[in-house]
Every structure is written in structure tokens, then in C-alpha cells.
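Engineer: Below is the file work-v4.txt, with compact mmCIF, N, CA and C atoms.
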# COMPACT_ATOMS: atom_id res chain seq x y z
N MET V 1 4.47 -35.48 -28.12
CA MET V 1 4.81 -34.57 -27.04
C MET V 1 3.93 -33.34 -27.16
N SER V 2 3.36 -32.92 -26.04
CA SER V 2 2.47 -31.76 -26.08
C SER V 2 3.28 -30.48 -26.24
N PRO V 3 2.69 -29.42 -26.80
CA PRO V 3 3.42 -28.18 -27.02
C PRO V 3 3.87 -27.50 -25.73
N GLN V 4 3.13 -27.74 -24.63
CA GLN V 4 3.50 -27.09 -23.37
C GLN V 4 4.76 -27.69 -22.76
N LEU V 5 4.99 -28.98 -22.96
CA LEU V 5 6.14 -29.64 -22.37
C LEU V 5 7.38 -29.54 -23.24
N ARG V 6 7.19 -29.21 -24.48
CA ARG V 6 8.32 -29.11 -25.39
C ARG V 6 9.16 -27.88 -25.03
N GLN V 7 10.47 -28.04 -25.01
CA GLN V 7 11.35 -26.92 -24.70
C GLN V 7 11.66 -26.17 -25.98
N ARG V 8 11.83 -24.88 -25.82
CA ARG V 8 12.13 -24.03 -26.96
C ARG V 8 13.63 -24.02 -27.22
N LYS V 9 13.98 -23.83 -28.46
CA LYS V 9 15.39 -23.70 -28.80
C LYS V 9 15.82 -22.27 -28.59
N CYS V 10 17.02 -22.13 -28.12
CA CYS V 10 17.59 -20.80 -27.94
C CYS V 10 18.07 -20.28 -29.28
N PHE V 11 17.77 -19.04 -29.59
CA PHE V 11 18.15 -18.47 -30.88
C PHE V 11 19.65 -18.18 -30.95
N GLU V 12 20.27 -17.88 -29.81
CA GLU V 12 21.68 -17.50 -29.83
C GLU V 12 22.62 -18.70 -29.91
N CYS V 13 22.38 -19.68 -29.06
CA CYS V 13 23.36 -20.78 -28.99
C CYS V 13 22.80 -22.10 -29.51
N SER V 14 21.58 -22.13 -30.00
CA SER V 14 20.94 -23.32 -30.58
C SER V 14 20.82 -24.47 -29.59
N SER V 15 20.84 -24.16 -28.31
CA SER V 15 20.64 -25.24 -27.33
C SER V 15 19.15 -25.44 -27.11
N GLU V 16 18.82 -26.56 -26.55
CA GLU V 16 17.42 -26.89 -26.32
C GLU V 16 16.84 -26.14 -25.13
N ASP V 17 17.66 -25.74 -24.19
CA ASP V 17 17.17 -25.11 -22.96
C ASP V 17 17.48 -23.62 -22.98
N SER V 18 16.45 -22.82 -23.09
CA SER V 18 16.65 -21.37 -23.13
C SER V 18 16.28 -20.71 -21.80
N ARG V 19 16.01 -21.53 -20.77
CA ARG V 19 15.62 -20.95 -19.48
C ARG V 19 16.72 -20.11 -18.87
N SER V 20 17.97 -20.53 -19.01
CA SER V 20 19.06 -19.76 -18.42
C SER V 20 19.19 -18.41 -19.09
N HIS V 21 18.95 -18.33 -20.38
CA HIS V 21 19.00 -17.04 -21.06
C HIS V 21 17.87 -16.13 -20.60
N TRP V 22 16.70 -16.71 -20.41
CA TRP V 22 15.58 -15.91 -19.93
C TRP V 22 15.84 -15.40 -18.51
N PHE V 23 16.47 -16.23 -17.70
CA PHE V 23 16.80 -15.80 -16.34
C PHE V 23 17.69 -14.57 -16.37
N TRP V 24 18.76 -14.60 -17.17
CA TRP V 24 19.68 -13.47 -17.25
C TRP V 24 19.03 -12.25 -17.87
N PHE V 25 18.16 -12.48 -18.84
CA PHE V 25 17.45 -11.36 -19.46
C PHE V 25 16.54 -10.67 -18.43
N ARG V 26 15.78 -11.47 -17.68
CA ARG V 26 14.89 -10.89 -16.67
C ARG V 26 15.68 -10.19 -15.56
N LEU V 27 16.80 -10.77 -15.15
CA LEU V 27 17.63 -10.15 -14.13
C LEU V 27 18.16 -8.80 -14.61
N PHE V 28 18.67 -8.77 -15.83
CA PHE V 28 19.17 -7.52 -16.40
C PHE V 28 18.05 -6.49 -16.50
N PHE V 29 16.89 -6.90 -16.94
CA PHE V 29 15.76 -5.99 -17.10
C PHE V 29 15.32 -5.43 -15.74
N ASN V 30 15.27 -6.26 -14.71
CA ASN V 30 14.88 -5.80 -13.38
C ASN V 30 15.89 -4.82 -12.81
N VAL V 31 17.18 -5.09 -13.00
CA VAL V 31 18.22 -4.18 -12.52
C VAL V 31 18.11 -2.85 -13.25
N LEU V 32 17.86 -2.91 -14.53
CA LEU V 32 17.70 -1.69 -15.32
C LEU V 32 16.51 -0.87 -14.83
N LEU V 33 15.42 -1.53 -14.49
CA LEU V 33 14.25 -0.81 -13.96
C LEU V 33 14.56 -0.15 -12.62
N VAL V 34 15.29 -0.84 -11.77
CA VAL V 34 15.64 -0.28 -10.46
C VAL V 34 16.51 0.96 -10.64
N ILE V 35 17.47 0.89 -11.55
CA ILE V 35 18.35 2.03 -11.78
C ILE V 35 17.57 3.21 -12.34
N MET V 36 16.67 2.95 -13.26
CA MET V 36 15.91 4.03 -13.88
C MET V 36 14.92 4.67 -12.90
N GLU V 37 14.40 3.86 -11.97
CA GLU V 37 13.41 4.37 -11.03
C GLU V 37 14.02 4.73 -9.68
N ALA V 38 15.33 4.90 -9.61
CA ALA V 38 15.98 5.26 -8.35
C ALA V 38 15.47 6.63 -7.90
N PRO V 39 15.09 6.75 -6.64
CA PRO V 39 14.54 8.01 -6.16
C PRO V 39 15.61 9.10 -6.10
N LYS V 40 15.20 10.29 -6.38
CA LYS V 40 16.08 11.45 -6.28
C LYS V 40 15.97 12.03 -4.88
N ALA V 41 16.94 12.83 -4.48
CA ALA V 41 16.96 13.40 -3.14
C ALA V 41 15.77 14.31 -2.90
N GLU V 42 15.35 15.06 -3.95
CA GLU V 42 14.22 15.97 -3.73
C GLU V 42 12.88 15.25 -3.75
N GLU V 43 12.82 14.06 -4.36
CA GLU V 43 11.57 13.32 -4.46
C GLU V 43 11.40 12.30 -3.34
N MET V 44 12.41 12.08 -2.54
CA MET V 44 12.38 11.01 -1.55
C MET V 44 11.35 11.29 -0.46
N HIS V 45 10.52 10.30 -0.19
CA HIS V 45 9.55 10.38 0.89
C HIS V 45 10.14 9.69 2.12
N LEU V 46 10.13 10.39 3.24
CA LEU V 46 10.71 9.84 4.47
C LEU V 46 9.60 9.23 5.32
N ARG V 47 9.93 8.13 5.94
CA ARG V 47 8.98 7.47 6.84
C ARG V 47 8.89 8.25 8.15
N HIS V 48 7.85 7.95 8.91
CA HIS V 48 7.61 8.61 10.19
C HIS V 48 8.79 8.41 11.14
N VAL V 49 9.32 7.21 11.20
CA VAL V 49 10.44 6.92 12.11
C VAL V 49 11.70 7.69 11.70
N GLU V 50 11.85 7.95 10.42
CA GLU V 50 13.03 8.69 9.97
C GLU V 50 12.95 10.16 10.39
N THR V 51 11.77 10.77 10.21
CA THR V 51 11.65 12.19 10.56
C THR V 51 11.58 12.42 12.06
N ASP V 52 11.05 11.47 12.81
CA ASP V 52 10.86 11.67 14.24
C ASP V 52 11.93 11.03 15.12
N VAL V 53 12.70 10.09 14.59
CA VAL V 53 13.70 9.41 15.41
C VAL V 53 15.11 9.53 14.83
N LEU V 54 15.28 9.11 13.60
CA LEU V 54 16.63 9.01 13.04
C LEU V 54 17.26 10.36 12.74
N ILE V 55 16.50 11.28 12.16
CA ILE V 55 17.05 12.60 11.88
C ILE V 55 17.31 13.37 13.17
N PRO V 56 16.39 13.37 14.17
CA PRO V 56 16.73 14.01 15.45
C PRO V 56 17.95 13.39 16.14
N LYS V 57 18.15 12.08 15.97
CA LYS V 57 19.35 11.44 16.53
C LYS V 57 20.60 12.02 15.86
N MET V 58 20.54 12.19 14.54
CA MET V 58 21.66 12.78 13.83
C MET V 58 21.86 14.23 14.27
N MET V 59 20.76 14.96 14.50
CA MET V 59 20.85 16.34 14.98
C MET V 59 21.51 16.40 16.35
N ARG V 60 21.15 15.47 17.21
CA ARG V 60 21.72 15.44 18.57
C ARG V 60 23.23 15.20 18.52
N GLU V 61 23.64 14.26 17.66
CA GLU V 61 25.08 13.97 17.55
C GLU V 61 25.85 15.16 17.00
N LYS V 62 25.29 15.81 15.96
CA LYS V 62 25.97 16.96 15.38
C LYS V 62 25.97 18.14 16.33
N ALA V 63 24.87 18.32 17.11
CA ALA V 63 24.80 19.42 18.07
C ALA V 63 25.84 19.23 19.17
N LYS V 64 26.06 17.98 19.59
CA LYS V 64 27.08 17.72 20.61
C LYS V 64 28.48 18.03 20.07
N GLU V 65 28.69 17.80 18.78
CA GLU V 65 29.98 18.14 18.18
C GLU V 65 30.15 19.66 18.11
N LEU V 66 29.05 20.39 17.87
CA LEU V 66 29.12 21.84 17.76
C LEU V 66 29.19 22.53 19.13
N CYS V 67 28.66 21.87 20.15
CA CYS V 67 28.69 22.41 21.52
C CYS V 67 29.77 21.72 22.34
N VAL V 68 30.91 21.49 21.75
CA VAL V 68 31.95 20.70 22.38
C VAL V 68 32.47 21.34 23.67
N ILE V 69 32.50 22.66 23.75
CA ILE V 69 32.99 23.34 24.97
C ILE V 69 32.06 23.04 26.14
N ASN V 70 30.76 23.14 25.89
CA ASN V 70 29.79 22.88 26.96
C ASN V 70 29.78 21.40 27.36
N VAL V 71 29.93 20.52 26.39
CA VAL V 71 29.96 19.08 26.69
C VAL V 71 31.17 18.75 27.56
N GLU V 72 32.32 19.30 27.20
CA GLU V 72 33.54 19.03 27.99
C GLU V 72 33.43 19.61 29.39
N ALA V 73 32.84 20.81 29.53
CA ALA V 73 32.68 21.40 30.86
C ALA V 73 31.75 20.56 31.73
N PHE V 74 30.67 20.07 31.15
CA PHE V 74 29.73 19.24 31.90
C PHE V 74 30.38 17.91 32.28
N ASN V 75 31.09 17.28 31.36
CA ASN V 75 31.77 16.01 31.67
C ASN V 75 32.82 16.18 32.76
N HIS V 76 33.58 17.26 32.68
CA HIS V 76 34.60 17.53 33.69
C HIS V 76 33.96 17.74 35.06
N CYS V 77 32.85 18.49 35.11
CA CYS V 77 32.14 18.73 36.37
C CYS V 77 31.61 17.42 36.95
N CYS V 78 31.06 16.57 36.09
CA CYS V 78 30.50 15.29 36.57
C CYS V 78 31.60 14.38 37.12
N LYS V 79 32.75 14.36 36.46
CA LYS V 79 33.84 13.51 36.94
C LYS V 79 34.40 14.02 38.27
N ASP V 80 34.44 15.34 38.44
CA ASP V 80 34.99 15.91 39.67
C ASP V 80 34.07 15.74 40.87
N ASN V 81 32.76 15.75 40.65
CA ASN V 81 31.82 15.79 41.77
C ASN V 81 31.17 14.46 42.09
N GLY V 82 31.33 13.46 41.29
CA GLY V 82 30.80 12.13 41.60
C GLY V 82 29.30 12.13 41.80
N PHE V 83 28.85 11.64 42.98
CA PHE V 83 27.42 11.54 43.25
C PHE V 83 26.75 12.90 43.44
N PHE V 84 27.51 13.91 43.78
CA PHE V 84 26.94 15.24 44.01
C PHE V 84 26.79 16.04 42.72
N MET V 85 27.06 15.40 41.57
CA MET V 85 26.98 16.11 40.30
C MET V 85 25.58 16.64 40.03
N VAL V 86 24.56 15.98 40.55
CA VAL V 86 23.18 16.42 40.34
C VAL V 86 22.99 17.83 40.89
N PHE V 87 23.61 18.11 42.00
CA PHE V 87 23.44 19.42 42.64
C PHE V 87 24.49 20.43 42.19
N LYS V 88 25.71 19.99 41.97
CA LYS V 88 26.81 20.91 41.70
C LYS V 88 27.01 21.26 40.23
N CYS V 89 26.43 20.49 39.34
CA CYS V 89 26.66 20.72 37.90
C CYS V 89 25.42 21.28 37.20
N ARG V 90 24.56 21.92 37.93
CA ARG V 90 23.33 22.46 37.33
C ARG V 90 23.62 23.55 36.30
N GLU V 91 24.59 24.40 36.58
CA GLU V 91 24.91 25.48 35.65
C GLU V 91 25.45 24.93 34.34
N GLU V 92 26.36 23.98 34.42
CA GLU V 92 26.94 23.38 33.22
C GLU V 92 25.88 22.62 32.42
N ASN V 93 24.99 21.93 33.15
CA ASN V 93 23.91 21.21 32.49
C ASN V 93 22.96 22.17 31.78
N ALA V 94 22.62 23.28 32.43
CA ALA V 94 21.73 24.27 31.82
C ALA V 94 22.38 24.89 30.58
N ALA V 95 23.68 25.17 30.65
CA ALA V 95 24.38 25.73 29.50
C ALA V 95 24.42 24.74 28.34
N LEU V 96 24.63 23.46 28.66
CA LEU V 96 24.65 22.43 27.62
C LEU V 96 23.27 22.28 26.98
N LYS V 97 22.23 22.24 27.80
CA LYS V 97 20.87 22.14 27.26
C LYS V 97 20.53 23.33 26.38
N GLU V 98 20.92 24.52 26.79
CA GLU V 98 20.64 25.73 26.02
C GLU V 98 21.33 25.68 24.67
N CYS V 99 22.58 25.27 24.66
CA CYS V 99 23.33 25.19 23.41
C CYS V 99 22.71 24.18 22.45
N ILE V 100 22.39 23.00 22.96
CA ILE V 100 21.81 21.95 22.10
C ILE V 100 20.41 22.34 21.64
N THR V 101 19.62 22.99 22.51
CA THR V 101 18.26 23.38 22.16
C THR V 101 18.25 24.42 21.05
N THR V 102 19.24 25.30 21.02
CA THR V 102 19.28 26.28 19.93
C THR V 102 19.43 25.59 18.58
N TYR V 103 20.17 24.50 18.52
CA TYR V 103 20.30 23.75 17.27
C TYR V 103 19.04 22.96 16.95
N TYR V 104 18.39 22.40 17.98
CA TYR V 104 17.16 21.64 17.75
C TYR V 104 16.06 22.51 17.15
N ARG V 105 15.98 23.75 17.58
CA ARG V 105 14.90 24.64 17.15
C ARG V 105 15.18 25.33 15.82
N ASP V 106 16.36 25.15 15.28
CA ASP V 106 16.74 25.80 14.03
C ASP V 106 16.26 24.97 12.84
N PRO V 107 15.29 25.50 12.04
CA PRO V 107 14.79 24.72 10.90
C PRO V 107 15.85 24.49 9.82
N ALA V 108 16.78 25.41 9.67
CA ALA V 108 17.84 25.23 8.68
C ALA V 108 18.75 24.06 9.08
N PHE V 109 19.01 23.92 10.37
CA PHE V 109 19.83 22.80 10.86
C PHE V 109 19.11 21.48 10.63
N PHE V 110 17.78 21.46 10.84
CA PHE V 110 16.99 20.25 10.58
C PHE V 110 17.08 19.88 9.10
N GLU V 111 16.93 20.86 8.22
CA GLU V 111 17.01 20.59 6.78
C GLU V 111 18.39 20.09 6.38
N GLU V 112 19.43 20.65 6.98
CA GLU V 112 20.79 20.20 6.70
C GLU V 112 20.96 18.73 7.09
N CYS V 113 20.49 18.38 8.28
CA CYS V 113 20.60 17.00 8.74
C CYS V 113 19.71 16.08 7.90
N LYS V 114 18.56 16.57 7.49
CA LYS V 114 17.65 15.78 6.66
C LYS V 114 18.30 15.47 5.31
N GLN V 115 18.92 16.48 4.68
CA GLN V 115 19.58 16.26 3.40
C GLN V 115 20.77 15.30 3.55
N GLU V 116 21.49 15.41 4.65
CA GLU V 116 22.60 14.49 4.90
C GLU V 116 22.08 13.07 5.07
N TYR V 117 20.96 12.91 5.79
CA TYR V 117 20.37 11.59 5.97
C TYR V 117 19.92 11.01 4.64
N ILE V 118 19.30 11.84 3.81
CA ILE V 118 18.82 11.37 2.51
C ILE V 118 19.99 10.94 1.63
N GLN V 119 21.09 11.69 1.67
CA GLN V 119 22.26 11.31 0.89
C GLN V 119 22.83 9.98 1.36
N GLU V 120 22.86 9.76 2.68
CA GLU V 120 23.34 8.49 3.21
C GLU V 120 22.42 7.35 2.80
N LYS V 121 21.11 7.61 2.82
CA LYS V 121 20.14 6.59 2.44
C LYS V 121 20.27 6.24 0.95
N LEU V 122 20.42 7.25 0.10
CA LEU V 122 20.59 7.00 -1.33
C LEU V 122 21.88 6.23 -1.61
N GLU V 123 22.93 6.58 -0.88
CA GLU V 123 24.21 5.87 -1.04
C GLU V 123 24.06 4.41 -0.62
N PHE V 124 23.30 4.16 0.45
CA PHE V 124 23.05 2.78 0.87
C PHE V 124 22.24 2.03 -0.18
N LEU V 125 21.21 2.67 -0.74
CA LEU V 125 20.41 2.02 -1.76
C LEU V 125 21.24 1.72 -3.01
N ARG V 126 22.20 2.58 -3.31
CA ARG V 126 23.03 2.39 -4.49
C ARG V 126 24.08 1.31 -4.28
N THR V 127 24.73 1.29 -3.11
CA THR V 127 25.84 0.37 -2.89
C THR V 127 25.48 -0.85 -2.05
N GLY V 128 24.53 -0.71 -1.12
CA GLY V 128 24.19 -1.79 -0.21
C GLY V 128 25.11 -1.86 1.00
N VAL V 129 26.01 -0.88 1.14
CA VAL V 129 26.95 -0.85 2.27
C VAL V 129 26.47 0.19 3.27
N PRO V 130 26.23 -0.20 4.53
CA PRO V 130 25.79 0.78 5.53
C PRO V 130 26.84 1.85 5.79
N THR V 131 26.40 2.99 6.30
CA THR V 131 27.28 4.13 6.53
C THR V 131 28.39 3.79 7.51
N LYS V 132 28.04 3.10 8.59
CA LYS V 132 29.06 2.80 9.60
C LYS V 132 30.14 1.88 9.04
N ASN V 133 29.80 1.00 8.11
CA ASN V 133 30.81 0.14 7.50
C ASN V 133 31.63 0.90 6.47
N ARG V 134 31.02 1.90 5.83
CA ARG V 134 31.71 2.67 4.81
C ARG V 134 32.74 3.60 5.43
N LYS V 135 32.47 4.07 6.65
CA LYS V 135 33.36 5.02 7.30
C LYS V 135 34.52 4.37 8.03
N GLN V 136 34.53 3.03 8.12
CA GLN V 136 35.63 2.36 8.79
C GLN V 136 36.88 2.46 7.93
N LYS V 137 38.00 2.69 8.59
CA LYS V 137 39.25 2.81 7.87
C LYS V 137 39.84 1.43 7.58
N LEU V 138 40.47 1.31 6.46
CA LEU V 138 41.14 0.07 6.10
C LEU V 138 42.48 -0.01 6.82
N PRO V 139 42.92 -1.20 7.16
CA PRO V 139 44.24 -1.33 7.79
C PRO V 139 45.33 -0.89 6.81
N THR V 140 46.33 -0.19 7.36
CA THR V 140 47.40 0.34 6.50
C THR V 140 48.47 -0.69 6.19
N SER V 141 48.72 -1.60 7.11
CA SER V 141 49.77 -2.60 6.88
C SER V 141 49.14 -3.94 6.58
N MET V 142 49.66 -4.58 5.56
CA MET V 142 49.13 -5.89 5.19
C MET V 142 50.23 -6.88 5.07
Once more with this new file: its structure as C-alpha cells, please.
Structural biologist:
Amino acid sequence: MSPQLRQRKCFECSSEDSRSHWFWFRLFFNVLLVIMEAPKAEEMHLRHVETDVLIPKMMREKAKELCVINVEAFNHCCKDNGFFMVFKCREENAALKECITTYYRDPAFFEECKQEYIQEKLEFLRTGVPTKNRKQKLPTSM
């Protein structure tokens, strides 16, 4: 029998096939490397789509929550006026745009949303569970 085809004995269990032990060793080693090389929040590099699309989307959602009075006024005006909302709700629309634009132009607000996005991304990398699935409530009665 040639030396290449001969199987090695396992040192721990004295079996002829040590491939399963090597598999678990390599798996453990790879997981350990991933944990050790996990990116930190300050070191994380964001892709172009994250800085130009995903973070502004988060900013828009948070700005709508902060401008709730203007959003409700605009929605109420639109429901009351139907097709004529384009002409009759200009003031409410302008007030809503002004409120949201003040948040868009604030660099501190961008940094806040960026840090929140990075924390969500790190949590996803750590657990593998998306944010929307993590925020779902569990049923109370079983």
C-alpha cells in the first residue's frame, strides 16, 4: 500500500480514520479566526450603497418619527381634500419638507444614524438574525 493512500491513525481515539477530527479542528479554528477578526464599530468600512441609500433611508424614517406633528397634519389634509390635495395642501407639504430637511442637513444626526446602522450590522454579523426578525414580538399565549 502506498503511503499516500494509507490512512493515519487518530491519536485520541486510536481509530483508523482521523478525517472527522480534522474537520472539527478546522471548523473550530475558522470560527475562532472569525471571532478574533470581527470588525469593531470604529473600524468598520461602509459600502457605497450603505452610505448613500441605507443610512439615508434610516434617516428618513427617524425624521418622520421626529416630525410627527407635520406628518399628521399633511396626512389629514390629504385625506380631507382628495384629488385637490396637490393645490390645497401646499403649506402642510412645505412645512413637512422643511422639518425633514433640517434633519437631513444635520451632520450629527447622520452620524447618529450611521452608528445605529453599524450596531445593527455588527449584531447581524454576530447572530445571523436580521433586525426586522429580531424586533418581532413573541406570542404571549402558547
Engineer: Grab the atom CA of V:Glu111 to atom CA of V:Met59 distance for me, in Å with one decimal place.
Structural biologist: 10.0 Å
Engineer: In Å to one decimal, how far is atom CA of V:Val53 from atom CA of V:Gly128?
Structural biologist: 21.9 Å
Engineer: So how far away is atom CA of V:Leu46 from atom CA of V:Cys67, in Å?
Structural biologist: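 Interatomic distance, atom CA of V:Cys67 to atom CA of V:Leu46: 27.8 Å.
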Engineer: Of the candidates V:Thr51, V:Arg105, V:Lys64, V:Arg26, which one gets nearest to V:Ile118 if we count only C-alpha atoms?
Structural biologist: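 Counting only C-alpha atoms, the residue closest to V:Ile118 is V:Thr51.
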